[in-house]
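Chemist: Structure: protein-v7.csv, CSV, C-alpha atoms.
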chain,number,residue,atom,x,y,z
A,1,ALA,CA,0.0,0.0,0.0
A,2,SER,CA,1.3,3.5,-0.9
A,3,ASP,CA,0.8,6.7,1.1
A,4,ALA,CA,1.4,8.9,-2.0
A,5,ALA,CA,-2.2,10.1,-2.1
A,6,TRP,CA,-2.0,11.2,1.6
A,7,ARG,CA,1.2,13.1,1.0
A,8,ARG,CA,-0.6,15.3,-1.5
A,9,VAL,CA,-3.2,16.3,1.2
A,10,THR,CA,-2.6,19.7,2.7
A,11,PRO,CA,-3.9,20.8,6.1
A,12,PHE,CA,-6.6,23.4,6.5
A,13,LYS,CA,-5.3,26.9,7.1
A,14,ALA,CA,-5.0,27.9,10.8
A,15,VAL,CA,-6.4,24.5,11.9
A,16,ASP,CA,-4.1,24.4,14.9
A,17,THR,CA,-4.6,28.0,15.9
A,18,PRO,CA,-6.1,28.1,19.4
A,19,LYS,CA,-9.6,29.7,19.6
A,20,VAL,CA,-9.4,31.8,22.7
A,21,GLN,CA,-12.7,32.8,24.2
A,22,GLN,CA,-13.0,35.5,26.8
A,23,LEU,CA,-15.4,38.0,28.4
A,24,ASP,CA,-15.4,41.7,27.8
A,25,ASP,CA,-15.3,44.0,30.8
A,26,LYS,CA,-19.1,44.5,30.9
A,27,GLU,CA,-19.7,40.8,30.8
A,28,SER,CA,-17.1,40.3,33.6
A,29,VAL,CA,-18.9,42.8,35.9
A,30,ARG,CA,-22.3,41.3,35.1
A,31,LEU,CA,-21.0,37.8,35.9
A,32,VAL,CA,-19.6,38.9,39.2
A,33,LYS,CA,-22.8,40.6,40.3
A,34,ALA,CA,-24.9,37.6,39.3
A,35,CYS,CA,-22.8,35.1,41.4
A,36,PRO,CA,-23.8,34.1,44.9
A,37,SER,CA,-21.4,35.5,47.5
A,38,ASP,CA,-19.2,32.4,47.8
A,39,LEU,CA,-18.8,31.9,44.0
A,40,ARG,CA,-18.4,35.7,43.6
A,41,ALA,CA,-15.3,35.7,45.6
A,42,ILE,CA,-13.5,33.0,43.7
A,43,VAL,CA,-14.7,34.2,40.3
A,44,THR,CA,-13.4,37.7,41.2
A,45,ALA,CA,-10.0,36.2,42.2
A,46,ALA,CA,-9.8,34.4,38.9
A,47,LEU,CA,-10.6,37.6,36.9
A,48,LEU,CA,-8.0,39.6,38.8
A,49,THR,CA,-5.2,37.1,38.8
A,50,GLY,CA,-5.6,34.6,35.9
A,51,CYS,CA,-5.3,31.7,38.3
A,52,ASP,CA,-6.7,28.3,37.7
A,53,TYR,CA,-9.8,27.2,39.7
A,54,SER,CA,-7.7,24.5,41.5
A,55,GLU,CA,-5.0,27.0,42.4
A,56,LEU,CA,-7.6,29.3,44.0
A,57,ALA,CA,-9.6,26.6,45.7
A,58,THR,CA,-6.5,25.4,47.6
A,59,ALA,CA,-4.9,28.8,48.3
A,60,LYS,CA,-4.5,29.8,51.9
A,61,VAL,CA,-4.4,33.2,53.6
A,62,SER,CA,-0.6,32.7,53.9
A,63,ALA,CA,-0.4,32.7,50.1
A,64,VAL,CA,-1.0,36.5,50.0
A,65,ASN,CA,2.0,38.7,50.7
A,66,LEU,CA,0.8,42.3,51.2
A,67,GLU,CA,4.4,43.6,51.7
A,68,THR,CA,5.4,42.6,48.2
A,69,ASP,CA,1.8,42.6,46.7
A,70,ASP,CA,1.9,39.1,45.3
A,71,LEU,CA,0.0,35.8,45.5
A,72,HIS,CA,1.8,32.4,45.8
A,73,VAL,CA,-0.1,29.4,44.4
A,74,GLY,CA,0.6,25.8,43.6
A,75,GLY,CA,-0.9,23.4,41.1
A,76,LYS,CA,-0.3,21.7,37.8
A,77,ARG,CA,2.0,24.6,36.8
A,78,GLY,CA,4.1,24.2,39.9
A,79,ASN,CA,4.6,26.8,42.6
A,80,ARG,CA,4.5,30.3,41.2
A,81,LYS,CA,4.0,33.9,42.2
A,82,ILE,CA,1.5,36.3,40.7
A,83,SER,CA,2.0,40.1,41.1
A,84,LEU,CA,-1.2,41.8,42.3
A,85,SER,CA,-2.7,45.0,40.9
A,86,ASP,CA,-4.0,47.6,43.3
A,87,GLU,CA,-7.5,46.4,42.7
A,88,ALA,CA,-6.4,42.8,43.3
A,89,ARG,CA,-4.6,43.8,46.5
A,90,ARG,CA,-7.8,45.5,47.8
A,91,PHE,CA,-9.8,42.4,47.0
A,92,PHE,CA,-7.4,40.1,48.8
A,93,VAL,CA,-7.3,42.3,51.9
A,94,GLN,CA,-11.1,41.9,52.1
A,95,ALA,CA,-10.9,38.1,51.4
A,96,MET,CA,-8.4,37.7,54.3
A,97,GLU,CA,-10.6,39.5,56.9
A,98,GLY,CA,-11.3,37.4,60.0
A,99,LYS,CA,-9.1,34.5,58.9
A,100,VAL,CA,-5.8,33.1,60.1
A,101,ARG,CA,-2.8,32.0,58.0
A,102,ASP,CA,-3.8,28.4,57.6
A,103,ASP,CA,-7.4,29.2,56.6
A,104,LEU,CA,-8.4,28.7,53.0
A,105,LEU,CA,-9.0,32.0,51.2
A,106,PHE,CA,-12.1,30.8,49.5
A,107,VAL,CA,-14.7,28.3,50.8
A,108,ARG,CA,-18.3,27.5,49.8
A,109,ALA,CA,-21.3,29.0,51.6
A,110,ASN,CA,-21.5,25.9,53.9
A,111,GLY,CA,-17.9,26.4,55.0
A,112,GLU,CA,-16.6,23.4,53.1
A,113,PRO,CA,-13.7,23.7,50.6
A,114,TRP,CA,-14.4,24.1,46.9
A,115,GLY,CA,-14.1,20.6,45.4
A,116,LYS,CA,-13.1,19.4,41.9
A,117,SER,CA,-16.4,20.0,40.2
A,118,HIS,CA,-18.3,22.2,42.6
A,119,GLN,CA,-18.0,25.2,40.4
A,120,PHE,CA,-19.6,24.0,37.2
A,121,ARG,CA,-23.3,24.3,38.0
A,122,PRO,CA,-23.2,27.6,40.0
A,123,LEU,CA,-21.1,29.2,37.3
A,124,ARG,CA,-23.5,28.1,34.6
A,125,GLN,CA,-26.4,29.4,36.6
A,126,ALA,CA,-24.7,32.7,37.2
A,127,CYS,CA,-24.0,33.1,33.5
A,128,GLU,CA,-27.7,32.5,32.8
A,129,ARG,CA,-28.7,35.2,35.3
A,130,ALA,CA,-26.1,37.6,33.8
A,131,ASN,CA,-27.4,36.9,30.3
A,132,ILE,CA,-24.0,35.7,29.2
A,133,THR,CA,-24.3,33.1,26.4
A,134,ARG,CA,-22.1,31.6,23.8
A,135,PRO,CA,-23.1,29.6,20.7
A,136,ALA,CA,-23.3,25.8,21.2
A,137,SER,CA,-20.3,25.4,19.0
A,138,GLU,CA,-18.1,27.5,21.3
A,139,PRO,CA,-16.9,26.6,24.9
A,140,GLN,CA,-19.3,27.7,27.6
A,141,ILE,CA,-18.0,30.0,30.3
A,142,SER,CA,-15.6,28.3,32.6
A,143,PHE,CA,-12.7,29.2,34.9
A,144,HIS,CA,-10.4,28.6,32.0
A,145,ILE,CA,-12.2,31.3,30.0
A,146,LEU,CA,-11.9,33.6,33.1
A,147,ARG,CA,-8.1,33.0,32.8
A,148,HIS,CA,-8.2,33.9,29.1
A,149,THR,CA,-10.1,37.0,30.1
A,150,TYR,CA,-7.4,38.1,32.5
A,151,ALA,CA,-4.6,37.5,30.0
A,152,THR,CA,-6.4,39.3,27.1
A,153,ARG,CA,-7.2,42.3,29.3
A,154,MET,CA,-3.6,42.6,30.5
A,155,LEU,CA,-2.4,42.6,27.0
A,156,ARG,CA,-4.9,45.2,25.9
A,157,LEU,CA,-3.9,47.4,28.9
A,158,GLY,CA,-0.3,47.3,27.6
A,159,MET,CA,1.4,44.6,29.6
A,160,PRO,CA,4.3,43.1,27.5
A,161,MET,CA,3.8,39.5,26.3
A,162,HIS,CA,6.7,38.1,28.4
A,163,GLN,CA,5.2,39.6,31.6
A,164,VAL,CA,1.8,38.1,30.8
A,165,ALA,CA,3.5,34.7,30.3
A,166,LYS,CA,5.1,35.0,33.8
A,167,GLN,CA,1.7,35.9,35.3
A,168,LEU,CA,0.1,32.9,33.7
A,169,GLY,CA,2.9,30.5,34.7
A,170,HIS,CA,3.8,29.6,31.1
A,171,LYS,CA,7.1,27.9,30.9
A,172,SER,CA,7.8,29.5,27.5
A,173,MET,CA,6.6,32.7,25.9
A,174,VAL,CA,5.9,30.7,22.8
A,175,ILE,CA,2.9,29.2,24.5
A,176,THR,CA,1.6,32.7,25.4
A,177,ALA,CA,2.2,34.0,21.9
A,178,LYS,CA,0.4,31.0,20.3
A,179,HIS,CA,-2.7,31.8,22.3
A,180,TYR,CA,-2.7,35.6,22.4
A,181,ALA,CA,-0.7,37.0,19.5
A,182,HIS,CA,-4.0,37.7,17.7
A,183,VAL,CA,-4.9,40.1,20.5
A,184,ILE,CA,-1.9,42.3,19.8
A,185,GLU,CA,-2.4,42.1,16.1
A,186,ALA,CA,-6.1,43.1,16.3
A,187,ASP,CA,-5.3,46.0,18.6
A,188,VAL,CA,-2.5,47.3,16.4
A,189,ALA,CA,-4.8,47.2,13.4
A,190,ALA,CA,-7.5,49.1,15.3
A,191,ALA,CA,-5.0,51.6,16.6
A,192,VAL,CA,-3.6,52.4,13.1
A,193,LYS,CA,-7.1,53.0,11.8
A,194,LYS,CA,-7.7,55.5,14.6
A,195,LEU,CA,-4.5,57.5,13.9
A,196,SER,CA,-5.2,61.1,13.0
A,197,GLY,CA,-3.3,63.3,10.6
A,198,GLU,CA,-2.3,62.5,7.0
A,199,LEU,CA,0.9,62.9,5.1
A,200,GLY,CA,-1.0,64.6,2.3
A,201,ILE,CA,0.6,62.3,-0.4
A,202,GLY,CA,-2.7,61.4,-2.0
A,203,PRO,CA,-2.9,64.4,-4.3
A,204,ALA,CA,0.9,64.1,-5.0
A,205,LEU,CA,0.4,60.6,-6.3
A,206,LYS,CA,-2.5,61.7,-8.5
A,207,ALA,CA,-0.2,64.4,-9.9
A,208,VAL,CA,2.5,61.8,-10.8
A,209,GLN,CA,0.0,59.5,-12.4
A,210,ARG,CA,-1.0,62.3,-14.8
Would you mind writing the structure in this file as structure tokens?
Modeler:
Amino acid sequence: ASDAAWRRVTPFKAVDTPKVQQLDDKESVRLVKACPSDLRAIVTAALLTGCDYSELATAKVSAVNLETDDLHVGGKRGNRKISLSDEARRFFVQAMEGKVRDDLLFVRANGEPWGKSHQFRPLRQACERANITRPASEPQISFHILRHTYATRMLRLGMPMHQVAKQLGHKSMVITAKHYAHVIEADVAAAVKKLSGELGIGPALKAVQR
């Protein structure tokens, strides 16, 4: 048997390009407001840090360092440090109130820890209340999409790609670029279209063509 026919087959264009889904700022605010208080806390943390659900579900009060404004988490990406914005710092100060170092930062309304799949149904219900929907062909809102939302927002606010990679815990900036280069490209294209002032070479070109 020959594989000559298969060798002539070419792949579809951009078939391996990641399709990154995220919330815009208005959707993020609506989602937070639609969450019950226990879910609201851990969803807000995800939007402000880009952390995974598992990282936040196991984070203790001692993970927050208010002297250096960072959060230390552990998980599938290993132990890592996330720098906190002023907004994130204020949020974690509130999250730590009344707790001691070994307490979990985020627990469910019944006082129990957030488990492996406790987030799915409450998050789906919050999205319904917030009128946040996605086509059936696209991934529905999850903590992974909240992580994408954080990364996309940081890039659009001007954070360099290598710093976003560090915040996300990517081992290589290649991974970050693969997922988020389109954000930079789209913003550059939009910025160029908004530039004011012309060189005035249009009439000059017409004159030459005559």
Chemist: Would you mind listing, for every residue of segment 92-180 of chain A within 10 Å of segment 63-74 of chain A, the two atoms forming the shortest contact and the distance between them in Å to one decimal, using only C-alpha atoms, sorted by chain and ascending residue number, as JSON lines?
Modeler:
{"residue": "A:Phe92", "atom": "CA", "partner": "A:Val64", "partner_atom": "CA", "distance": 7.4}
{"residue": "A:Val93", "atom": "CA", "partner": "A:Leu66", "partner_atom": "CA", "distance": 8.1}
{"residue": "A:Met96", "atom": "CA", "partner": "A:Val64", "partner_atom": "CA", "distance": 8.6}
{"residue": "A:Arg101", "atom": "CA", "partner": "A:Ala63", "partner_atom": "CA", "distance": 8.3}
{"residue": "A:Asp102", "atom": "CA", "partner": "A:Ala63", "partner_atom": "CA", "distance": 9.3}
{"residue": "A:Leu104", "atom": "CA", "partner": "A:Ala63", "partner_atom": "CA", "distance": 9.4}
{"residue": "A:Leu105", "atom": "CA", "partner": "A:Ala63", "partner_atom": "CA", "distance": 8.7}
Chemist: Taking only C-alpha atoms into account, name the residue in A:Arg108, A:Arg129, A:Lys99, A:Arg77 that is nearest to Val32 of chain A.
Modeler: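 The answer is A:Arg129, which sits nearest to Val32 of chain A.
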Chemist: Name the residues within 7 Å of (-11.1, 36.3, 45.6), counting only C-alpha atoms in the file's coordinates, and put them as a VMD selection string.
Modeler: chain A and resid 41 to 45 91 to 92 95 106
Chemist: Using all atoms listed in the file, pick whichever of A:Leu56, A:Leu23, A:Ala126, A:Ala181 has the shortest atom-to-atom distance to Arg153 of chain A.
Modeler: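 Going through A:Leu56, A:Leu23, A:Ala126, A:Ala181 one by one, the smallest distance to Arg153 of chain A is for A:Leu23.
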Chemist: Closest to Ile175 of chain A among A:Lys60, A:Arg90, A:Lys116, A:His162, using all atoms listed in the file?
Modeler: A:His162
Chemist: Between A:Ser37, A:Ser28, A:Gln21, A:Ser54, which has the minimum distance to Asn131 of chain A (counting only C-alpha atoms)?
Modeler: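 Of A:Ser37, A:Ser28, A:Gln21, A:Ser54, the one nearest Asn131 of chain A is A:Ser28, counting only C-alpha atoms.
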Chemist: Hey, which of A:Arg80, A:Glu97, A:Val107, A:Glu128 ends up closest to Leu168 of chain A? Count all atoms listed in the file.
Modeler: A:Arg80
Chemist: Figure out the distance between atom CA of Tyr150 of chain A and atom CA of Ala34 of chain A, please, to one decimal in Å.
Modeler: 18.8 Å
Chemist: Give me the residues within 12 Å of Asp25 of chain A as a ChimeraX atom specification, counting only C-alpha atoms and dropping any in the same chain fewer than 2 places off.
Modeler: /A:22-23,27-32,47-48,146,149-150,152-154,156
Chemist: What does the distance from atom CA of Glu55 of chain A to atom CA of Phe120 of chain A come to in Å, to one decimal?
Modeler: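 Going from atom CA of Glu55 of chain A over to atom CA of Phe120 of chain A covers 15.8 Å.
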Chemist: Name all residues at most 10 Å from Thr176 of chain A (count only C-alpha atoms; drop same-chain ones fewer than 5 positions away) and give them as a short mmCIF file (atom, residue, chain, number, x, y, z; two decimals) with C-alpha atoms, keeping the file's coordinate frame.
Modeler:
data_model
loop_
_atom_site.label_atom_id
_atom_site.label_comp_id
_atom_site.auth_asym_id
_atom_site.auth_seq_id
_atom_site.Cartn_x
_atom_site.Cartn_y
_atom_site.Cartn_z
CA ALA A 151 -4.60 37.50 30.00
CA MET A 161 3.80 39.50 26.30
CA HIS A 162 6.70 38.10 28.40
CA GLN A 163 5.20 39.60 31.60
CA VAL A 164 1.80 38.10 30.80
CA ALA A 165 3.50 34.70 30.30
CA LYS A 166 5.10 35.00 33.80
CA LEU A 168 0.10 32.90 33.70
CA GLY A 169 2.90 30.50 34.70
CA HIS A 170 3.80 29.60 31.10
CA LYS A 171 7.10 27.90 30.90
CA ALA A 181 -0.70 37.00 19.50
#
Chemist: What does the distance between atom CA of Val100 of chain A and atom CA of Ala88 of chain A come to in Å, to one decimal place?
Modeler: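 Taking atom CA of Val100 of chain A and atom CA of Ala88 of chain A, their separation equals 19.4 Å.
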Chemist: When you count only C-alpha atoms, which of these residues is closest to Pro160 of chain A: A:Cys35, A:Met173, A:Leu123, A:Ala109?
Modeler: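 Between A:Cys35, A:Met173, A:Leu123, A:Ala109, the residue approaching Pro160 of chain A most closely is A:Met173.
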